[in-house]
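Chemist: Sharing a structure with you now.
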Amino acid sequence: MIKLIEKIEGEAKLNFNFKEGRIDFVDIEFMSTRNIENILRGKNAFDALVINPRVCGICGHAHLIATVQALESCYDNLELSNKAKIIRELTLNFELIQNHFKWFYLTMLPLFGHKQEILKATYPSQLMGKAIAIFGGQYPHTSYAVVGGVVCEITEIDIIKLQHYMVETLKFVEENLVKTKSENFLTCEDAGALLDFEGDLPDILRQIKKENLLEYGKSYDRFISFGHNSYFKKGKSLKTKVTHNISILHVKESEVPSSFAKNVSFKDKYYEVGPLARAMVNKTPLIADANKKYGDSIFSRILARVCEISQLLQHSKELIKDLDLSEESYIEPSMDISKLSSSGYSAVEAARGTLIHKVEIENGMIKNYEIITPTQWNLSGGTKDKHGVSQKAMIGLSDVKTAELVFKSFDVCSVCTTH
Amino acid sequence: MKKKMRILWLSAIACNGNTHSFLNYPYMEQFLDDFEFIYHPVIDSEYSLKDIVSKEITCDILLIEGAISKEFKRADVSVVDIIEKYSKIVQKIVTVGTCATFGGIFRESGYENTSGLHFDQEEPSENFQDLLDKTISVSGCPVHHEVLVNTLYAIKKEVALKLDNFLRPKEFYAYTVHNGCTRNEYFEYKVDNHRFGELEGCMFYDHGCQAPFTHGSCNKILWNEVNSKTRAGLPCMGCTEPTFPRQNLFNTKKNMAIPENLPVGVGKRVYLTLAGISKAFKIDRLEKKLFDD
Ligand code: SF4
Ligand code: SF4
C-alpha cells in the first residue's frame, strides 16, 4: 500500500509491504529534486554563500555555515577571530532551537491526536529569528557569514537585545514545554522522573507511555555525529560505546534507483543522526538514561530533540560571556579567491543532524559541489537485507498511522533531502 | 461567524523559505482569524494535497511559491495543471517570492522551461496571459512576511493596490532597498572605505550592494522587526528583482572605476559629476569610527 506523506517540507511516498499483518518492508521515495549542486557549478565560489541557504527554508542557516566552513577549508592559513567563531555558533544554535519548536508544535502534536499549536511554534521561533537577525540582518536566508568571519559588528546594546530574546525564549520553555526552572530540567538524569513534570513535553511522553508506544521507532541504536563545536562532539555511539576518532572519508553516498534521495553510509553501515545521536555522542545523562530504558524509540528521540532547546539556550548564554567585542569580526583572507584552486569540506550540526558540504574550486570558480543532508542519513532507503535507519524503525509495525509517526519522529525534510 | 478568506498555498520548485518567512508574521493569531488555508505546506489544513489535486476545493486566493515548470509535479500532478484548475475559481492569484514571480534561483534547476508565473526573468512569459488581471506579485527571496500578509489583507478588503510593471504593489516596491539603510551617509558623500565587519561604510562601491537599484522595503519595514542585510553589513543581493541571482555577488561590477549598475534613474554622466562634487566633502566623522574614543 502506498501512502503519500505530506507536510514534510514537501512529500515522500512510502510504499508499505505487509506480511501477516505487519510491515515487512517500506520503500521510501522522494519524487523531485532541484539540482542545487548543478546550479552551483561554474559560479563564483562566494556566490555559494547566497545560493546555499536557499537549499532549505527551515535550516538554510546551517547550509550557510556549512558553505562558509567548506570554502574556508580550501585556504591554507586562513585567520578567523574567536569572536566570529562564537557569533556563527550562536546564530546556528538559534536556528536549531527554532526548528525544534516548529517540529514539536507543528509536526509532532498532530501525530498524537492534538491540534497543532501554531502560536506556540511561531512565538519562540520568531524570537530566535530576531536573535539571528541582530547579527545576520534577517532570518531566513542571510549570508552574513563570509570567508574570513562575519560581516556584522556587534555592540554592547546588541548583546543586551539578544539576551532579552533569549530570556524570553527560556521563559516560554519554562511556562509551556517543561514547567519547571530549566536548571531542574537540565540537571535531571532520570528519564522516568521527567514523567512527573508538567508541560507539553511531559504530556506527550506520558501519552507515549500510556498508549504503549514505548517500543515504537527503534532502529539500529547506532548513532553518528560529525559537526563538532564548543558544544557538540564528533563521534559515533554503538550501544552506549562512544568513539571519537571517525573520519568523513568513510562517509559514502550512493544512488537509489527509485528515489531522488541518495543513501548515505559510514563504513557501509547506516547510522542515525540528529539530536538523539548528538546526545548519545555527548553522553548527556538524561538522554543516555532514556536510551537505556527505552532504547532508540520515539520516546528518546522526542525527548532528545526538545531537551536540546534548553541545552542550547543555556550553552549560548555561556558563549556570550566569552565574546570579546574588541576582536575583529572579519579578517580579510590574504589570498584573493580568484587565485585559489583547491578543495575542501565541512561538517556542521543542523537541526536534524550532520550536514556535510564538499567543494572543489578552480580559480575561484566552483568546479564541483556536493551536499549530504541529515535527512539523507536517517531516511536513506536501503534494501530488504539492509534497511535504512527509518525503514528499520517502521518494520514490524501493524498500521500505517503509527508508521507515519515513527517516520516523522526523524523529522523528514523533503527539500533538503532532495536538494 | 465572519467569513474567512480561503487560501491555497501551493509550492512549486521551492525551498519553502517563503513559508518560513511567513511564519515570522507577529500577529499570526489575528491572521488565522481572518484567513484559512485549504492547504499549506506546514500548517494543518482541512484538505490534503491529494484532495487538492484530485478534487476542486472552493477557495478565494491561489498563492504560488516556487518556480514553475510543466514537468514539476506535486502528488503526481503537474503544478501547471494545478494552477490552471484553481486559477479559474479564485478571485486573486499571488506569486510569492522571486521564484514564483521571475524564476529566481530555481529557474536553473533543470526542469523544462522553468520560469515565474508571468515572467521569465524580465521577459513576459506567454503562458497564463488570461490570468494577468488576477495576479499580484510579491517578490523577494524570501518575501517579507509583512509584504505578503498586508497584500492578502488588501485583497480581503478589496483595496485597489497600485502595481508596478511586474505586478508588484507599489506600496512596497516603489522604494529602493537603499532607502533607510544606516549606511546612507557613506553613500551620499561617496566615502568608499567599507570593510566587512564594521558598522561604517557603504557596500555599493566595492562589495556589490544592489540596494540602490533594487525595489523593496527591507530598510523601511526591517526584517524580523529588528534589522536588515545592509544595516548588518551584508550587501543587498537584489533578491526582489527579475535578475536575481546575478553573478559575483560580493563584488561591485565596475567599468573604469564606475559601478556598472547605478541607482534607479541616475545617468552615468550625472553620477560622475555628482560623485566628483560629493568627494570634495571630506567629512571627518565619516572617515573615522562611528563610536570613537
Ligand atoms: S550599503 Fe547599500 S543600502 Fe546601504 S547605503 Fe550603501 S548602497 Fe545603500
Ligand atoms: S536587502 Fe536586498 S537581498 Fe536582502 S532581502 Fe532585501 S532585497 Fe533581498
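Numbering starts fresh at 1 for the residues of each chain in the C-alpha cells, the chains themselves are lettered A, B, ... in the order given, and ligands are numbered from 1 as they appear.
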Please return as a ChimeraX atom specification the residues found within 7 Å of ligand 2, counting only C-alpha atoms and all ligand atoms.
Modeler: /B:140-142,177,210-211,214-216,218,228-230,236-240
Chemist: Identify every residue of chain B that has at least one atom within 6 Å of any atom of chain A, counting only C-alpha atoms, and report the result as a CSV table (one decimal) with N, CA, C and O atoms, in the first residue's frame.
Modeler:
```
chain,number,residue,atom,x,y,z
B,15,CYS,N,12.2,26.3,-1.9
B,15,CYS,CA,13.0,25.8,-0.8
B,15,CYS,C,12.1,26.0,0.5
B,15,CYS,O,12.5,25.7,1.6
B,16,ASN,N,10.9,26.5,0.3
B,16,ASN,CA,10.0,26.7,1.4
B,16,ASN,C,10.4,27.9,2.3
B,16,ASN,O,9.9,28.1,3.4
B,17,GLY,N,11.3,28.7,1.8
B,17,GLY,CA,11.8,29.9,2.5
B,17,GLY,C,10.6,30.9,2.8
B,17,GLY,O,10.6,31.5,3.8
B,24,ASN,N,7.1,34.1,10.4
B,24,ASN,CA,7.6,35.2,11.2
B,24,ASN,C,6.6,36.3,11.5
B,24,ASN,O,6.9,37.3,12.2
B,41,PRO,N,1.9,24.2,3.2
B,41,PRO,CA,3.0,23.2,3.4
B,41,PRO,C,3.3,22.8,4.8
B,41,PRO,O,3.8,21.7,5.0
B,42,VAL,N,3.0,23.6,5.8
B,42,VAL,CA,3.4,23.4,7.1
B,42,VAL,C,2.1,23.4,8.1
B,42,VAL,O,2.0,22.5,8.9
B,109,SER,N,17.0,25.0,-12.1
B,109,SER,CA,17.0,23.7,-11.6
B,109,SER,C,16.9,22.6,-12.6
B,109,SER,O,16.9,21.4,-12.2
B,196,PHE,N,34.3,44.7,5.6
B,196,PHE,CA,33.3,43.8,6.3
B,196,PHE,C,33.7,43.8,7.8
B,196,PHE,O,34.8,44.0,8.2
B,197,GLY,N,32.6,43.6,8.5
B,197,GLY,CA,32.8,43.5,10.0
B,197,GLY,C,32.8,44.8,10.7
B,197,GLY,O,33.2,45.0,11.8
B,198,GLU,N,32.3,45.9,10.0
B,198,GLU,CA,32.3,47.2,10.6
B,198,GLU,C,30.9,47.8,10.5
B,198,GLU,O,30.2,47.5,9.6
B,199,LEU,N,30.6,48.8,11.4
B,199,LEU,CA,29.4,49.5,11.4
B,199,LEU,C,29.4,50.5,10.3
B,199,LEU,O,28.4,50.9,9.8
B,223,TRP,N,13.6,43.6,8.7
B,223,TRP,CA,13.4,42.1,8.8
B,223,TRP,C,13.3,41.7,10.3
B,223,TRP,O,14.1,42.2,11.1
B,224,ASN,N,12.4,40.8,10.5
B,224,ASN,CA,12.2,40.3,11.9
B,224,ASN,C,12.0,41.4,12.8
B,224,ASN,O,12.4,41.4,14.0
B,227,ASN,N,16.2,44.4,11.9
B,227,ASN,CA,17.4,44.7,11.2
B,227,ASN,C,17.2,44.5,9.7
B,227,ASN,O,16.1,44.2,9.2
B,228,SER,N,18.3,44.7,8.9
B,228,SER,CA,18.3,44.4,7.5
B,228,SER,C,19.7,43.9,7.1
B,228,SER,O,20.6,44.2,7.9
B,229,LYS,N,19.7,43.3,5.9
B,229,LYS,CA,21.1,42.9,5.5
B,229,LYS,C,22.1,44.1,5.5
B,229,LYS,O,23.1,44.0,6.1
B,232,ALA,N,23.2,45.4,8.8
B,232,ALA,CA,24.1,44.4,9.4
B,232,ALA,C,25.5,44.5,8.8
B,232,ALA,O,26.5,44.2,9.4
B,233,GLY,N,25.5,44.8,7.5
B,233,GLY,CA,26.8,44.9,6.8
B,233,GLY,C,27.0,43.9,5.7
B,233,GLY,O,28.0,43.6,5.2
B,234,LEU,N,25.8,43.3,5.3
B,234,LEU,CA,25.8,42.4,4.2
B,234,LEU,C,25.2,43.1,3.0
B,234,LEU,O,24.2,43.8,3.1
B,248,ASN,N,28.7,36.8,-9.0
B,248,ASN,CA,29.8,37.5,-8.3
B,248,ASN,C,29.2,38.5,-7.4
B,248,ASN,O,29.4,39.8,-7.4
B,249,LEU,N,28.4,38.0,-6.4
B,249,LEU,CA,27.5,38.9,-5.6
B,249,LEU,C,28.2,39.7,-4.6
B,249,LEU,O,27.6,40.7,-4.1
```
Chemist: Residues up to 9 Å from ligand 1, counting only C-alpha atoms and all ligand atoms: could you list those as a VMD selection string?
Modeler: chain B and resid 176 to 188 194 201 to 205 207 to 213 219 229 to 231 233 to 236 263
Chemist: Could you work out how far atom CA of Leu96 of chain A lies from atom CA of Ala351 of chain A, giving the answer in Å with one decimal?
Modeler: 4.6 Å
Chemist: Looking at only C-alpha atoms, which of A:Arg352, A:Lys209, A:His228, A:Lys283 is the one that sits closest to Val242 of chain A?
Modeler: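 Of the candidates, the smallest distance to Val242 of chain A is held by A:Lys283.
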Chemist: Residues of segment 80-215 of chain B classed as strand (DSSP E or B) by DSSP on the backbone are to be reported as an MDAnalysis selection string.
Modeler: chainID B and resid 92:96 115 119:120 123:124 135:138 163 169 176 215
Chemist: Write to file, as a tab-separated table (two decimals), in the first residue's frame, the residues of the selection just made, with N, CA, C and O atoms.
Modeler:
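Final file, selection.tsv:
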```tsv
chain	number	residue	atom	x	y	z
B	92	LYS	N	-8.17	35.98	-6.77
B	92	LYS	CA	-6.84	36.56	-6.96
B	92	LYS	C	-5.78	35.48	-6.91
B	92	LYS	O	-5.93	34.46	-6.23
B	93	ILE	N	-4.66	35.76	-7.60
B	93	ILE	CA	-3.50	34.88	-7.54
B	93	ILE	C	-2.36	35.72	-6.99
B	93	ILE	O	-2.18	36.87	-7.39
B	94	VAL	N	-1.61	35.16	-6.07
B	94	VAL	CA	-0.45	35.89	-5.56
B	94	VAL	C	0.79	35.04	-5.81
B	94	VAL	O	0.85	33.88	-5.37
B	95	THR	N	1.75	35.57	-6.55
B	95	THR	CA	3.02	34.85	-6.68
B	95	THR	C	3.91	35.33	-5.56
B	95	THR	O	4.24	36.50	-5.44
B	96	VAL	N	4.28	34.39	-4.71
B	96	VAL	CA	5.02	34.74	-3.51
B	96	VAL	C	6.49	34.40	-3.70
B	96	VAL	O	6.84	33.26	-3.97
B	115	SER	N	10.12	28.98	-15.14
B	115	SER	CA	10.06	30.45	-15.03
B	115	SER	C	9.11	30.82	-13.91
B	115	SER	O	8.61	29.95	-13.20
B	119	PHE	N	6.50	35.95	-15.65
B	119	PHE	CA	7.77	36.47	-16.15
B	119	PHE	C	8.85	35.40	-16.13
B	119	PHE	O	8.93	34.60	-15.21
B	120	ASP	N	9.65	35.44	-17.19
B	120	ASP	CA	10.85	34.62	-17.21
B	120	ASP	C	11.98	35.63	-17.07
B	120	ASP	O	12.35	36.27	-18.04
B	123	GLU	N	11.51	38.99	-18.99
B	123	GLU	CA	10.64	38.78	-20.15
B	123	GLU	C	9.24	38.33	-19.74
B	123	GLU	O	9.11	37.37	-18.99
B	124	PRO	N	8.22	38.98	-20.28
B	124	PRO	CA	6.86	38.48	-20.02
B	124	PRO	C	6.73	37.09	-20.63
B	124	PRO	O	7.24	36.85	-21.72
B	135	THR	N	-3.47	38.67	-11.05
B	135	THR	CA	-2.26	38.37	-10.29
B	135	THR	C	-1.62	39.58	-9.62
B	135	THR	O	-1.58	40.67	-10.19
B	136	ILE	N	-1.13	39.35	-8.42
B	136	ILE	CA	-0.28	40.31	-7.73
B	136	ILE	C	1.02	39.57	-7.42
B	136	ILE	O	0.98	38.42	-6.96
B	137	SER	N	2.18	40.21	-7.68
B	137	SER	CA	3.44	39.55	-7.34
B	137	SER	C	4.02	40.18	-6.09
B	137	SER	O	4.09	41.41	-5.98
B	138	VAL	N	4.43	39.35	-5.17
B	138	VAL	CA	5.23	39.86	-4.05
B	138	VAL	C	6.56	39.13	-4.09
B	138	VAL	O	6.72	38.05	-3.54
B	163	LEU	N	-0.02	48.71	-8.90
B	163	LEU	CA	1.03	47.73	-9.16
B	163	LEU	C	2.07	48.28	-10.13
B	163	LEU	O	1.75	49.13	-10.97
B	169	PRO	N	2.97	45.38	-5.73
B	169	PRO	CA	2.32	46.54	-5.11
B	169	PRO	C	3.33	47.68	-4.88
B	169	PRO	O	4.36	47.48	-4.26
B	176	THR	N	13.39	52.01	-3.08
B	176	THR	CA	14.55	51.13	-3.28
B	176	THR	C	15.00	50.69	-1.89
B	176	THR	O	14.75	51.37	-0.89
B	215	HIS	N	14.20	47.15	-5.89
B	215	HIS	CA	12.94	47.65	-5.34
B	215	HIS	C	12.48	46.80	-4.17
B	215	HIS	O	12.39	45.59	-4.27
```
Chemist: What's around segment 83-91 of chain B at 6 Å? Count only C-alpha atoms, leave out sequence neighbours fewer than 2 positions away in its own chain, and write the answer as a count of residues only.
Modeler: 5
Chemist: From the list A:Ile320, A:Val281, A:Leu355, A:Val167, which residue is nearest Ile86 of chain A when using only C-alpha atoms?
Modeler: A:Ile320
Chemist: Using atom CA of Pro242 of chain B and atom CA of Glu146 of chain B as the two end points, give the distance in Å to one decimal.
Modeler: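 Here the two named atoms are 20.7 Å from each other.
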Chemist: May I have the residues within 10 Å of Glu287 of chain B as a PyMOL selection string, using only C-alpha atoms and disregarding those fewer than 5 positions away in the same chain?
Modeler: chain B and resi 186+191-193+200-201+282
Chemist: Figure out the distance between atom CA of Ser182 of chain A and atom CA of Ser310 of chain A, please, to one decimal in Å.
Modeler: 6.9 Å
Chemist: If you run DSSP over the backbone, which residues in segment 39-71 of chain B end up alpha helix (DSSP H)? Put them as a PyMOL selection string.
Modeler: chain B and resi 49-54
Chemist: Quick one: write out the picked residues with all heavy atoms as a compact mmCIF listing (two decimals), in the first residue's frame?
Modeler:
```txt
# COMPACT_ATOMS: atom_id res chain seq x y z
N LEU B 49 -3.04 17.39 0.29
CA LEU B 49 -2.59 17.73 -1.06
C LEU B 49 -3.28 16.84 -2.08
O LEU B 49 -3.64 17.25 -3.18
CB LEU B 49 -1.07 17.57 -1.14
CG LEU B 49 -0.43 18.07 -2.43
CD1 LEU B 49 -0.62 19.56 -2.59
CD2 LEU B 49 1.05 17.73 -2.46
N LYS B 50 -3.48 15.60 -1.68
CA LYS B 50 -4.19 14.65 -2.55
C LYS B 50 -5.58 15.17 -2.89
O LYS B 50 -6.02 15.10 -4.03
CB LYS B 50 -4.31 13.32 -1.83
CG LYS B 50 -3.40 12.26 -2.39
CD LYS B 50 -3.78 10.97 -1.71
CE LYS B 50 -3.29 9.76 -2.46
NZ LYS B 50 -3.25 8.61 -1.53
N ASP B 51 -6.30 15.69 -1.85
CA ASP B 51 -7.62 16.28 -2.10
C ASP B 51 -7.50 17.43 -3.09
O ASP B 51 -8.30 17.56 -4.01
CB ASP B 51 -8.23 16.86 -0.81
CG ASP B 51 -8.50 15.79 0.23
OD1 ASP B 51 -8.75 14.64 -0.17
OD2 ASP B 51 -8.45 16.11 1.44
N ILE B 52 -6.50 18.26 -2.85
CA ILE B 52 -6.34 19.46 -3.67
C ILE B 52 -6.16 19.09 -5.14
O ILE B 52 -6.78 19.69 -6.02
CB ILE B 52 -5.12 20.29 -3.19
CG1 ILE B 52 -5.32 20.77 -1.75
CG2 ILE B 52 -4.82 21.44 -4.13
CD1 ILE B 52 -6.41 21.77 -1.54
N VAL B 53 -5.32 18.09 -5.39
CA VAL B 53 -5.06 17.78 -6.80
C VAL B 53 -6.18 16.93 -7.42
O VAL B 53 -6.40 16.98 -8.62
CB VAL B 53 -3.69 17.09 -7.02
CG1 VAL B 53 -2.57 17.97 -6.50
CG2 VAL B 53 -3.63 15.71 -6.39
N SER B 54 -6.88 16.16 -6.61
CA SER B 54 -7.86 15.27 -7.22
C SER B 54 -9.26 15.89 -7.27
O SER B 54 -10.10 15.48 -8.06
CB SER B 54 -7.90 13.93 -6.49
OG SER B 54 -8.24 14.13 -5.14
```
Chemist: Taking 5 positions as the minimum chain separation for residues in the same chain, which residues sit within 7 Å of Asn263 of chain A when counting only C-alpha atoms? Answer as a PDB file with C-alpha atoms, in the first residue's frame.
Modeler:
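Produced file around-v6.pdb, reproduced below:
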```
ATOM      1  CA  GLU A 253      26.821   8.467  -0.828  1.00  0.00           C
ATOM      2  CA  SER A 254      25.128   6.146  -3.278  1.00  0.00           C
ATOM      3  CA  GLU A 255      22.304   6.474  -5.767  1.00  0.00           C
ATOM      4  CA  VAL A 256      18.942   4.834  -5.241  1.00  0.00           C
ATOM      5  CA  GLN A 376      19.616  11.503   3.815  1.00  0.00           C
ATOM      6  CA  TRP A 377      21.296   9.672   6.688  1.00  0.00           C
ATOM      7  CA  SER A 380      18.026   6.567   3.107  1.00  0.00           C
ATOM      8  CA  GLY A 381      16.006   3.799   1.578  1.00  0.00           C
TER       9      GLY A 381
END
```
Chemist: Considering only C-alpha atoms, return as a ChimeraX atom specification whatever protein or nucleic-acid residues lie within 7 Å of segment 168-181 of chain A, sequence-local ones (same chain, fewer than 6 positions apart) excluded.
Modeler: /A:124,127,197-202
Chemist: Excluding Asp289 of chain A and any residue of its chain fewer than 6 positions from it, enumerate the residues within 8 Å of it, using only C-alpha atoms, and give them as a PyMOL selection string.
Modeler: chain A and resi 189-191
Chemist: Restricting the output to N, CA and C atoms, write the selected residues as a PDB file, in the first residue's frame.
Modeler:
```
ATOM      1  N   GLU A 189      18.529  13.582  35.562  1.00  0.00           N
ATOM      2  CA  GLU A 189      19.256  12.496  34.896  1.00  0.00           C
ATOM      3  C   GLU A 189      18.404  11.240  34.771  1.00  0.00           C
ATOM      4  N   ASP A 190      17.159  11.356  35.193  1.00  0.00           N
ATOM      5  CA  ASP A 190      16.303  10.187  35.214  1.00  0.00           C
ATOM      6  C   ASP A 190      15.108  10.421  34.273  1.00  0.00           C
ATOM      7  N   ALA A 191      15.136   9.703  33.160  1.00  0.00           N
ATOM      8  CA  ALA A 191      14.086   9.907  32.157  1.00  0.00           C
ATOM      9  C   ALA A 191      12.709   9.590  32.728  1.00  0.00           C
TER      10      ALA A 191
END
```
Chemist: I'd like to know which of A:Ser219, A:Ser300, A:Ser230, A:Ser247 is closest to Lys392 of chain A, using only C-alpha atoms.
Modeler: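 Of A:Ser219, A:Ser300, A:Ser230, A:Ser247, the one nearest Lys392 of chain A is A:Ser219, counting only C-alpha atoms.
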